[in-house]
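The structure file upload_16.pdb is reproduced below (PDB, C-alpha atoms and all ligand atoms).
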ATOM      1  CA  MET T   1     133.145  70.812 115.474
ATOM      2  CA  ARG T   2     133.805  74.116 113.815
ATOM      3  CA  ARG T   3     135.348  72.507 110.768
ATOM      4  CA  GLY T   4     132.308  70.253 110.515
ATOM      5  CA  MET T   5     130.022  73.275 110.488
ATOM      6  CA  VAL T   6     132.008  75.034 107.786
ATOM      7  CA  LEU T   7     132.111  71.875 105.715
ATOM      8  CA  GLY T   8     128.374  71.498 106.189
ATOM      9  CA  MET T   9     127.815  75.054 104.989
ATOM     10  CA  LEU T  10     130.029  74.495 101.982
ATOM     11  CA  LEU T  11     128.123  71.340 101.142
ATOM     12  CA  ALA T  12     124.822  73.203 101.468
ATOM     13  CA  VAL T  13     126.048  75.962  99.142
ATOM     14  CA  GLY T  14     127.317  73.311  96.732
ATOM     15  CA  ALA T  15     123.981  71.508  96.758
ATOM     16  CA  LEU T  16     122.136  74.769  96.096
ATOM     17  CA  ALA T  17     124.444  75.545  93.175
ATOM     18  CA  ALA T  18     123.848  72.064  91.788
ATOM     19  CA  VAL T  19     120.073  72.538  91.946
ATOM     20  CA  LYS T  20     120.334  75.890  90.188
ATOM     21  CA  ALA T  21     122.675  74.573  87.497
ATOM     22  CA  GLN T  22     120.417  71.604  86.886
ATOM     23  CA  ALA T  23     117.279  73.507  86.019
ATOM     24  CA  PRO T  24     117.621  77.194  85.203
ATOM     25  CA  PRO T  25     113.990  78.304  84.744
ATOM     26  CA  SER T  26     114.666  80.029  81.423
ATOM     27  CA  ASP T  27     115.955  76.819  79.843
ATOM     28  CA  VAL T  28     112.923  74.743  80.742
ATOM     29  CA  LYS T  29     110.453  74.357  77.923
ATOM     30  CA  ARG T  30     106.872  73.961  79.116
ATOM     31  CA  VAL T  31     104.570  72.009  76.833
ATOM     32  CA  ILE T  32     100.779  72.037  77.174
ATOM     33  CA  GLU T  33      98.753  69.097  75.912
ATOM     34  CA  VAL T  34      95.104  69.754  75.078
ATOM     35  CA  GLU T  35      92.214  67.364  75.493
ATOM     36  CA  LYS T  36      89.033  68.601  73.848
ATOM     37  CA  VAL T  37      86.127  67.512  76.042
ATOM     38  CA  LYS T  38      83.342  69.519  74.334
ATOM     39  CA  ASP T  39      83.302  72.233  71.633
ATOM     40  CA  ASN T  40      83.914  74.907  74.294
ATOM     41  CA  LEU T  41      85.496  72.859  77.105
ATOM     42  CA  TRP T  42      89.083  71.630  77.190
ATOM     43  CA  VAL T  43      91.464  70.077  79.708
ATOM     44  CA  LEU T  44      95.061  71.334  79.640
ATOM     45  CA  ARG T  45      97.838  69.113  80.941
ATOM     46  CA  GLY T  46     101.502  70.058  81.046
ATOM     47  CA  LYS T  47     104.957  68.582  81.121
ATOM     48  CA  ASP T  48     108.259  70.427  80.901
ATOM     49  CA  SER T  49     111.360  69.443  78.954
ATOM     50  CA  ALA T  50     112.898  67.923  82.111
ATOM     51  CA  GLY T  51     109.870  65.606  82.327
ATOM     52  CA  VAL T  52     108.388  67.396  85.350
ATOM     53  CA  ASP T  53     104.594  67.479  85.501
ATOM     54  CA  GLY T  54     103.013  70.939  85.234
ATOM     55  CA  GLY T  55     100.592  70.382  88.103
ATOM     56  CA  GLY T  56      96.862  69.843  88.442
ATOM     57  CA  ASN T  57      94.495  69.507  85.499
ATOM     58  CA  THR T  58      93.377  72.852  84.094
ATOM     59  CA  ALA T  59      89.882  73.239  82.613
ATOM     60  CA  VAL T  60      89.147  75.925  80.018
ATOM     61  CA  PHE T  61      85.490  76.868  79.441
ATOM     62  CA  ALA T  62      84.652  79.360  76.684
ATOM     63  CA  THR T  63      81.364  81.199  77.297
ATOM     64  CA  ALA T  64      79.616  83.917  75.240
ATOM     65  CA  ASP T  65      81.406  86.681  77.177
ATOM     66  CA  GLY T  66      84.802  85.199  77.839
ATOM     67  CA  VAL T  67      86.870  82.296  79.027
ATOM     68  CA  THR T  68      86.781  80.779  82.503
ATOM     69  CA  VAL T  69      89.860  78.834  83.601
ATOM     70  CA  VAL T  70      89.870  76.320  86.453
ATOM     71  CA  ASP T  71      93.306  75.964  88.131
ATOM     72  CA  ALA T  72      96.616  77.383  86.903
ATOM     73  CA  LYS T  73      99.283  74.767  87.738
ATOM     74  CA  ASN T  74     102.812  75.164  89.165
ATOM     75  CA  PRO T  75     104.956  78.324  89.115
ATOM     76  CA  GLY T  76     105.789  79.350  85.551
ATOM     77  CA  TRP T  77     102.769  77.671  83.965
ATOM     78  CA  GLY T  78     100.388  80.651  83.820
ATOM     79  CA  LYS T  79     101.843  82.056  80.607
ATOM     80  CA  PRO T  80     101.938  78.700  78.729
ATOM     81  CA  ILE T  81      98.280  78.187  79.739
ATOM     82  CA  LEU T  82      97.293  81.669  78.492
ATOM     83  CA  ASP T  83      99.254  81.182  75.244
ATOM     84  CA  LYS T  84      97.551  77.847  74.598
ATOM     85  CA  ILE T  85      94.082  79.323  75.250
ATOM     86  CA  LYS T  86      94.747  81.877  72.459
ATOM     87  CA  GLU T  87      95.071  78.944  70.062
ATOM     88  CA  LEU T  88      91.730  77.512  71.232
ATOM     89  CA  THR T  89      89.515  80.608  71.214
ATOM     90  CA  PRO T  90      89.769  84.340  70.365
ATOM     91  CA  LYS T  91      87.757  85.211  73.507
ATOM     92  CA  PRO T  92      89.540  86.920  76.427
ATOM     93  CA  VAL T  93      90.123  85.153  79.726
ATOM     94  CA  THR T  94      87.777  86.817  82.209
ATOM     95  CA  MET T  95      87.623  84.453  85.167
ATOM     96  CA  LEU T  96      89.860  82.030  87.045
ATOM     97  CA  ILE T  97      88.553  79.561  89.610
ATOM     98  CA  ASN T  98      90.925  77.677  91.927
ATOM     99  CA  THR T  99      89.691  74.351  93.306
ATOM    100  CA  HIS T 100      91.914  74.694  96.394
ATOM    101  CA  THR T 101      95.051  76.350  97.778
ATOM    102  CA  HIS T 102      97.866  74.040  96.644
ATOM    103  CA  GLY T 103     100.845  75.400  94.727
ATOM    104  CA  ASP T 104     100.330  73.031  91.808
ATOM    105  CA  HIS T 105      96.850  74.549  91.264
ATOM    106  CA  VAL T 106      97.233  78.277  92.113
ATOM    107  CA  SER T 107     100.826  79.327  91.368
ATOM    108  CA  GLY T 108     100.180  80.079  87.680
ATOM    109  CA  ASN T 109      97.581  82.641  88.877
ATOM    110  CA  VAL T 110     100.297  85.297  89.178
ATOM    111  CA  ASP T 111     100.712  85.434  85.378
ATOM    112  CA  PHE T 112      97.030  86.166  84.683
ATOM    113  CA  PRO T 113      96.052  89.750  83.732
ATOM    114  CA  ALA T 114      94.917  91.937  86.658
ATOM    115  CA  THR T 115      91.466  92.265  85.054
ATOM    116  CA  VAL T 116      90.700  88.557  85.552
ATOM    117  CA  ASP T 117      88.205  87.775  88.315
ATOM    118  CA  ILE T 118      89.566  85.097  90.680
ATOM    119  CA  VAL T 119      87.001  83.012  92.562
ATOM    120  CA  VAL T 120      87.614  80.487  95.355
ATOM    121  CA  GLN T 121      85.905  78.952  98.385
ATOM    122  CA  GLU T 122      86.328  81.324 101.361
ATOM    123  CA  ASN T 123      88.654  79.020 103.357
ATOM    124  CA  THR T 124      90.862  78.696 100.288
ATOM    125  CA  LYS T 125      91.291  82.471 100.178
ATOM    126  CA  THR T 126      92.448  82.390 103.820
ATOM    127  CA  ASN T 127      94.870  79.561 102.964
ATOM    128  CA  MET T 128      96.165  81.392  99.878
ATOM    129  CA  GLU T 129      96.886  84.480 101.986
ATOM    130  CA  LYS T 130      99.500  82.420 103.858
ATOM    131  CA  MET T 131     101.352  81.509 100.638
ATOM    132  CA  PRO T 132     104.597  83.428  99.907
ATOM    133  CA  ILE T 133     104.062  83.445  96.125
ATOM    134  CA  PHE T 134     101.255  86.030  96.212
ATOM    135  CA  LYS T 135     103.214  88.302  98.564
ATOM    136  CA  GLU T 136     106.238  88.002  96.275
ATOM    137  CA  HIS T 137     104.035  89.187  93.375
ATOM    138  CA  ASN T 138     102.468  92.107  95.321
ATOM    139  CA  GLY T 139      99.143  90.330  95.589
ATOM    140  CA  ALA T 140      98.835  89.448  91.892
ATOM    141  CA  GLY T 141      96.875  86.221  91.447
ATOM    142  CA  MET T 142      95.204  86.456  94.856
ATOM    143  CA  ALA T 143      91.538  85.453  95.131
ATOM    144  CA  LYS T 144      89.108  88.360  94.664
ATOM    145  CA  ARG T 145      85.710  86.773  95.195
ATOM    146  CA  THR T 146      84.655  83.940  97.496
ATOM    147  CA  PHE T 147      81.708  81.653  98.143
ATOM    148  CA  LYS T 148      80.794  79.615 101.210
ATOM    149  CA  ASP T 149      78.570  76.672 100.218
ATOM    150  CA  LYS T 150      77.199  77.422  96.758
ATOM    151  CA  MET T 151      77.491  80.032  94.059
ATOM    152  CA  THR T 152      76.086  80.170  90.535
ATOM    153  CA  ILE T 153      77.839  82.193  87.856
ATOM    154  CA  GLY T 154      76.225  82.889  84.463
ATOM    155  CA  LYS T 155      73.188  81.119  83.064
ATOM    156  CA  GLY T 156      71.988  78.737  80.387
ATOM    157  CA  ALA T 157      74.784  77.167  78.365
ATOM    158  CA  ASP T 158      77.328  79.345  80.202
ATOM    159  CA  GLN T 159      76.283  78.464  83.745
ATOM    160  CA  ILE T 160      78.879  77.393  86.294
ATOM    161  CA  ASP T 161      77.868  76.117  89.742
ATOM    162  CA  LEU T 162      80.395  76.133  92.574
ATOM    163  CA  TYR T 163      79.862  73.948  95.624
ATOM    164  CA  TYR T 164      81.606  73.267  98.919
ATOM    165  CA  PHE T 165      80.511  70.188 100.883
ATOM    166  CA  GLY T 166      82.969  70.092 103.785
ATOM    167  CA  PRO T 167      86.582  69.178 104.556
ATOM    168  CA  GLY T 168      88.522  66.541 102.666
ATOM    169  CA  HIS T 169      91.758  67.199 100.786
ATOM    170  CA  THR T 170      91.773  70.707 102.404
ATOM    171  CA  ASN T 171      89.076  72.795 104.116
ATOM    172  CA  GLY T 172      88.306  74.699 100.913
ATOM    173  CA  ASP T 173      87.789  72.148  98.146
ATOM    174  CA  ALA T 174      85.515  73.620  95.471
ATOM    175  CA  TRP T 175      83.510  71.452  93.091
ATOM    176  CA  VAL T 176      83.183  73.291  89.778
ATOM    177  CA  VAL T 177      80.158  72.166  87.763
ATOM    178  CA  PHE T 178      79.451  72.853  84.091
ATOM    179  CA  PRO T 179      75.718  71.912  84.080
ATOM    180  CA  ALA T 180      75.224  72.211  80.307
ATOM    181  CA  HIS T 181      77.938  69.590  79.799
ATOM    182  CA  ARG T 182      77.060  67.439  82.836
ATOM    183  CA  ILE T 183      80.735  67.662  83.866
ATOM    184  CA  VAL T 184      82.404  68.645  87.143
ATOM    185  CA  HIS T 185      86.022  69.563  87.929
ATOM    186  CA  SER T 186      86.640  67.975  91.331
ATOM    187  CA  GLY T 187      90.146  69.235  92.011
ATOM    188  CA  ASP T 188      92.177  67.109  94.401
ATOM    189  CA  ILE T 189      89.380  65.990  96.696
ATOM    190  CA  PHE T 190      89.149  63.337  93.949
ATOM    191  CA  ALA T 191      92.608  63.677  92.414
ATOM    192  CA  ARG T 192      92.953  60.057  91.304
ATOM    193  CA  LYS T 193      91.916  56.529  92.270
ATOM    194  CA  GLY T 194      94.104  55.777  95.258
ATOM    195  CA  VAL T 195      94.860  56.727  98.860
ATOM    196  CA  PRO T 196      93.937  60.418  99.129
ATOM    197  CA  LEU T 197      96.234  63.289 100.002
ATOM    198  CA  ILE T 198      95.039  64.952 103.205
ATOM    199  CA  ASP T 199      96.519  68.365 104.008
ATOM    200  CA  GLU T 200      95.909  68.655 107.735
ATOM    201  CA  ALA T 201      97.666  72.034 108.008
ATOM    202  CA  ASN T 202      95.154  73.471 105.518
ATOM    203  CA  GLY T 203      92.171  71.916 107.279
ATOM    204  CA  GLY T 204      91.960  68.621 105.351
ATOM    205  CA  SER T 205      90.145  65.708 106.989
ATOM    206  CA  MET T 206      90.723  61.975 106.703
ATOM    207  CA  LEU T 207      87.854  61.386 109.128
ATOM    208  CA  HIS T 208      85.267  63.287 107.069
ATOM    209  CA  MET T 209      86.647  62.613 103.560
ATOM    210  CA  SER T 210      84.138  59.874 102.662
ATOM    211  CA  GLU T 211      81.179  61.824 104.075
ATOM    212  CA  THR T 212      82.169  64.947 102.118
ATOM    213  CA  LEU T 213      82.520  62.913  98.908
ATOM    214  CA  MET T 214      79.062  61.380  99.434
ATOM    215  CA  LYS T 215      77.542  64.823 100.049
ATOM    216  CA  ALA T 216      78.936  65.897  96.689
ATOM    217  CA  HIS T 217      77.757  62.703  95.028
ATOM    218  CA  ASP T 218      74.217  63.142  96.342
ATOM    219  CA  GLY T 219      74.101  66.944  96.256
ATOM    220  CA  ILE T 220      75.216  67.620  92.699
ATOM    221  CA  LYS T 221      72.639  66.467  90.152
ATOM    222  CA  ASN T 222      72.860  65.548  86.478
ATOM    223  CA  VAL T 223      76.590  64.950  86.155
ATOM    224  CA  ASP T 224      78.145  62.147  84.102
ATOM    225  CA  ALA T 225      81.878  62.846  84.076
ATOM    226  CA  ILE T 226      84.575  64.229  86.358
ATOM    227  CA  ILE T 227      87.719  66.123  85.457
ATOM    228  CA  ASN T 228      89.868  64.932  88.366
ATOM    229  CA  GLY T 229      92.712  66.869  89.940
ATOM    230  CA  HIS T 230      95.465  64.770  88.418
ATOM    231  CA  THR T 231      94.253  61.963  86.132
ATOM    232  CA  PRO T 232      95.108  61.633  82.425
ATOM    233  CA  ALA T 233      91.390  61.065  81.605
ATOM    234  CA  GLN T 234      87.924  61.725  83.007
ATOM    235  CA  THR T 235      86.232  59.448  85.538
ATOM    236  CA  THR T 236      82.501  58.849  86.008
ATOM    237  CA  TRP T 237      79.941  59.777  88.650
ATOM    238  CA  ALA T 238      79.859  56.091  89.648
ATOM    239  CA  ASP T 239      83.629  56.313  90.194
ATOM    240  CA  LEU T 240      82.989  59.079  92.735
ATOM    241  CA  LYS T 241      80.645  56.808  94.705
ATOM    242  CA  GLU T 242      83.293  54.077  94.603
ATOM    243  CA  PHE T 243      85.959  56.560  95.772
ATOM    244  CA  ALA T 244      83.736  57.554  98.716
ATOM    245  CA  ASP T 245      83.365  53.836  99.575
ATOM    246  CA  PHE T 246      87.137  53.388  99.273
ATOM    247  CA  ASN T 247      87.740  56.224 101.730
ATOM    248  CA  ARG T 248      85.115  54.908 104.147
ATOM    249  CA  ASP T 249      86.713  51.425 104.053
ATOM    250  CA  LEU T 250      90.152  52.991 104.472
ATOM    251  CA  VAL T 251      89.124  54.917 107.591
ATOM    252  CA  THR T 252      87.373  51.854 109.054
ATOM    253  CA  TRP T 253      90.588  49.854 108.551
ATOM    254  CA  MET T 254      92.773  52.603 110.047
ATOM    255  CA  GLN T 255      90.491  52.899 113.064
ATOM    256  CA  ALA T 256      90.757  49.146 113.694
ATOM    257  CA  GLU T 257      94.550  49.384 113.525
ATOM    258  CA  LEU T 258      94.618  52.282 115.989
ATOM    259  CA  LYS T 259      92.211  50.435 118.296
ATOM    260  CA  ALA T 260      94.586  47.443 118.208
ATOM    261  CA  GLY T 261      97.339  49.758 119.487
ATOM    262  CA  LYS T 262      99.269  50.076 116.221
ATOM    263  CA  THR T 263     101.267  53.212 115.494
ATOM    264  CA  PRO T 264     100.647  55.070 112.224
ATOM    265  CA  GLU T 265     103.970  53.652 110.955
ATOM    266  CA  GLN T 266     102.962  50.079 111.821
ATOM    267  CA  ALA T 267      99.618  50.569 110.109
ATOM    268  CA  ALA T 268     101.381  51.946 107.039
ATOM    269  CA  ALA T 269     103.622  48.876 106.872
ATOM    270  CA  GLU T 270     100.624  46.547 107.069
ATOM    271  CA  TRP T 271      98.248  48.257 104.648
ATOM    272  CA  LYS T 272      97.380  46.435 101.440
ATOM    273  CA  LEU T 273      95.094  47.658  98.693
ATOM    274  CA  PRO T 274      91.776  45.794  99.083
ATOM    275  CA  ALA T 275      91.191  43.414  96.152
ATOM    276  CA  LYS T 276      87.810  44.970  95.289
ATOM    277  CA  TYR T 277      89.506  48.256  94.283
ATOM    278  CA  LYS T 278      91.450  46.601  91.498
ATOM    279  CA  ASP T 279      92.056  49.630  89.297
ATOM    280  CA  TYR T 280      93.280  51.738  92.235
ATOM    281  CA  SER T 281      96.936  52.664  92.721
ATOM    282  CA  SER T 282      98.668  50.689  95.449
ATOM    283  CA  THR T 283     101.472  53.241  95.700
ATOM    284  CA  VAL T 284     100.937  56.079  98.148
ATOM    285  CA  SER T 285     102.370  59.551  97.643
ATOM    286  CA  THR T 286     104.976  60.506 100.252
ATOM    287  CA  MET T 287     103.468  63.986 100.528
ATOM    288  CA  PHE T 288     101.863  64.924 103.852
ATOM    289  CA  GLY T 289     103.681  62.068 105.609
ATOM    290  CA  GLY T 290     102.703  59.248 103.257
ATOM    291  CA  PHE T 291     100.264  56.594 104.454
ATOM    292  CA  ALA T 292     101.409  56.996 108.072
ATOM    293  CA  GLY T 293     100.626  60.716 107.779
ATOM    294  CA  ARG T 294      97.005  59.934 106.830
ATOM    295  CA  VAL T 295      96.673  57.635 109.850
ATOM    296  CA  GLN T 296      98.241  60.303 112.063
ATOM    297  CA  THR T 297      95.776  62.892 110.764
ATOM    298  CA  LEU T 298      92.890  60.534 111.511
ATOM    299  CA  GLN T 299      94.225  59.889 115.016
ATOM    300  CA  ASN T 300      94.573  63.643 115.635
ATOM    301  CA  GLU T 301      91.010  64.212 114.457
ATOM    302  CA  MET T 302      89.594  61.440 116.625
ATOM    303  CA  LYS T 303      91.183  63.003 119.721
ATOM    304  CA  LYS T 304      89.404  66.305 119.096
TER     305      LYS T 304
HETATM  306 ZN    ZN S   1      96.120  69.506  96.173
END
Let me see the structure of the file written as structure tokens.
Ligand SMILES: [Zn+2]
Amino acid sequence: MRRGMVLGMLLAVGALAAVKAQAPPSDVKRVIEVEKVKDNLWVLRGKDSAGVDGGGNTAVFATADGVTVVDAKNPGWGKPILDKIKELTPKPVTMLINTHTHGDHVSGNVDFPATVDIVVQENTKTNMEKMPIFKEHNGAGMAKRTFKDKMTIGKGADQIDLYYFGPGHTNGDAWVVFPAHRIVHSGDIFARKGVPLIDEANGGSMLHMSETLMKAHDGIKNVDAIINGHTPAQTTWADLKEFADFNRDLVTWMQAELKAGKTPEQAAAEWKLPAKYKDYSSTVSTMFGGFAGRVQTLQNEMKK
């Protein structure tokens, strides 16, 4: 018994050493790829030299007074983002907006200068306060300003509208609208075409996902394109309607499974991508418990 414990500890130490040896942070080269969307609006995507994705899509919006950044990717990506912005515009970064609390969207915050205003939905600030990374950096990168349902920043060509329509991916998903360009950054409430990620611990809702998406679809006017949380290209406003339908159909199917007495695991084993959503991904991320986790979240919500 004792020997087993010691061996286990040795193995754990060995595994840790292997992880460290594999990817020392200083040796990883982080490369930002730029997509120019408009003359003063870009999307930054990243991949490091080990092939690891940098995190959520970052938008960069250059206004008359300065640059607004939306989302700052995984740990270590703040500096590469700031360096790349210097190549795009001589204007200083003055504002950072985070679409929600996840580490692949907010961790790069800690590298931004202390003068930068950081704006999030109010529930996202509460969620961010629970994250170790901001404590480890003495509060650097923490949200400074919040909104509840709607906030407008700037005007004319520089205007940004922030909206919150209810729980979905988390309980603080901000929709960031650039009205002059008829473009919105949706963050991960519409990350990609596929089964959504629902973070129950941060207030996400499978039950209300479709309704929240439809509120955004109907509530935000004059938008043509969406910068999604994680896609390699923009989607359209019609795609958002389809994604809301997909989520409604998904919940209807899950509810029928639960009513038939299936467990979340049984439902997960039976689920097939409906034929009408032909360009949707049929693979489901294992995060937040995979497909069974989404069904479990729904079941928990229905009991409330
Ligand atoms: Zn997320």
Could you tell me how far atom CA of Ile227 of chain T lies from atom CA of Val119 of chain T, in Å and to one decimal?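 Those two atoms sit 18.3 Å apart.
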To one decimal place in Å, what is the distance between atom CA of Glu242 of chain T and atom CA of Asp173 of chain T? 19.0 Å
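For Thr146 of chain T, the list of residues within 6 Å, based on all atoms listed in the file and with local chain neighbours fewer than 2 positions off taken out, reads Val119, Val120, Gln121 and Glu122 of chain T.
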Going by the chain IDs and residue numbers used in this file, which residues fall under the PyMOL selection byres (((not hetatm)) within 8 of (chain S and resi 1))? Write them as a list in words.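 Against this file, the PyMOL selection byres (((not hetatm)) within 8 of (chain S and resi 1)) returns the residues Gly56, His100, Thr101, His102, Gly103, Asp104, His105, His169, Thr170, Gly187, Asp188, Ile189, Ala191, Leu197, Asp199 and Gly229 of chain T.
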Apply the PyMOL selection byres (((chain T and resi 69) around 10) and not hetatm) to the file shown and report the selected residues as an mmCIF file with C-alpha atoms, keeping the file's coordinate frame.
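Result written to result.cif:
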data_model
loop_
_atom_site.group_PDB
_atom_site.id
_atom_site.type_symbol
_atom_site.label_atom_id
_atom_site.label_comp_id
_atom_site.auth_asym_id
_atom_site.auth_seq_id
_atom_site.Cartn_x
_atom_site.Cartn_y
_atom_site.Cartn_z
ATOM 1 C CA LEU T 41 85.496 72.859 77.105
ATOM 2 C CA TRP T 42 89.083 71.630 77.190
ATOM 3 C CA VAL T 43 91.464 70.077 79.708
ATOM 4 C CA LEU T 44 95.061 71.334 79.640
ATOM 5 C CA THR T 58 93.377 72.852 84.094
ATOM 6 C CA ALA T 59 89.882 73.239 82.613
ATOM 7 C CA VAL T 60 89.147 75.925 80.018
ATOM 8 C CA PHE T 61 85.490 76.868 79.441
ATOM 9 C CA ALA T 62 84.652 79.360 76.684
ATOM 10 C CA GLY T 66 84.802 85.199 77.839
ATOM 11 C CA VAL T 67 86.870 82.296 79.027
ATOM 12 C CA THR T 68 86.781 80.779 82.503
ATOM 13 C CA VAL T 70 89.870 76.320 86.453
ATOM 14 C CA ASP T 71 93.306 75.964 88.131
ATOM 15 C CA ALA T 72 96.616 77.383 86.903
ATOM 16 C CA ILE T 81 98.280 78.187 79.739
ATOM 17 C CA LEU T 82 97.293 81.669 78.492
ATOM 18 C CA ILE T 85 94.082 79.323 75.250
ATOM 19 C CA VAL T 93 90.123 85.153 79.726
ATOM 20 C CA THR T 94 87.777 86.817 82.209
ATOM 21 C CA MET T 95 87.623 84.453 85.167
ATOM 22 C CA LEU T 96 89.860 82.030 87.045
ATOM 23 C CA ILE T 97 88.553 79.561 89.610
ATOM 24 C CA ASN T 98 90.925 77.677 91.927
ATOM 25 C CA VAL T 116 90.700 88.557 85.552
ATOM 26 C CA ILE T 118 89.566 85.097 90.680
#
On this structure, the PyMOL selection byres (((chain T and resi 137) around 12) and not hetatm) would catch which residues? List them as a list in words, sorted by chain and number. Pro75, Ser107, Gly108, Asn109, Val110, Asp111, Phe112, Ala114, Met131, Pro132, Ile133, Phe134, Lys135, Glu136, Asn138, Gly139, Ala140, Gly141 and Met142 of chain T
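When all atoms listed in the file are used to measure the gap to Ala292 of chain T, the shortest distance among T:Lys79, T:Lys276, T:Lys262, T:Lys221 belongs to T:Lys262.
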Using all atoms listed in the file, list the residues that have an atom at most 8 Å from (91.1, 66.5, 104.1), coordinates as in the file, as a PDB file with C-alpha atoms, in the coordinates of the input.
ATOM      1  CA  PRO T 167      86.582  69.178 104.556  1.00  0.00           C
ATOM      2  CA  GLY T 168      88.522  66.541 102.666  1.00  0.00           C
ATOM      3  CA  HIS T 169      91.758  67.199 100.786  1.00  0.00           C
ATOM      4  CA  THR T 170      91.773  70.707 102.404  1.00  0.00           C
ATOM      5  CA  ASN T 171      89.076  72.795 104.116  1.00  0.00           C
ATOM      6  CA  ILE T 189      89.380  65.990  96.696  1.00  0.00           C
ATOM      7  CA  LEU T 197      96.234  63.289 100.002  1.00  0.00           C
ATOM      8  CA  ILE T 198      95.039  64.952 103.205  1.00  0.00           C
ATOM      9  CA  ASP T 199      96.519  68.365 104.008  1.00  0.00           C
ATOM     10  CA  GLU T 200      95.909  68.655 107.735  1.00  0.00           C
ATOM     11  CA  GLY T 203      92.171  71.916 107.279  1.00  0.00           C
ATOM     12  CA  GLY T 204      91.960  68.621 105.351  1.00  0.00           C
ATOM     13  CA  SER T 205      90.145  65.708 106.989  1.00  0.00           C
ATOM     14  CA  MET T 206      90.723  61.975 106.703  1.00  0.00           C
ATOM     15  CA  LEU T 207      87.854  61.386 109.128  1.00  0.00           C
ATOM     16  CA  HIS T 208      85.267  63.287 107.069  1.00  0.00           C
ATOM     17  CA  MET T 209      86.647  62.613 103.560  1.00  0.00           C
TER      18      MET T 209
END
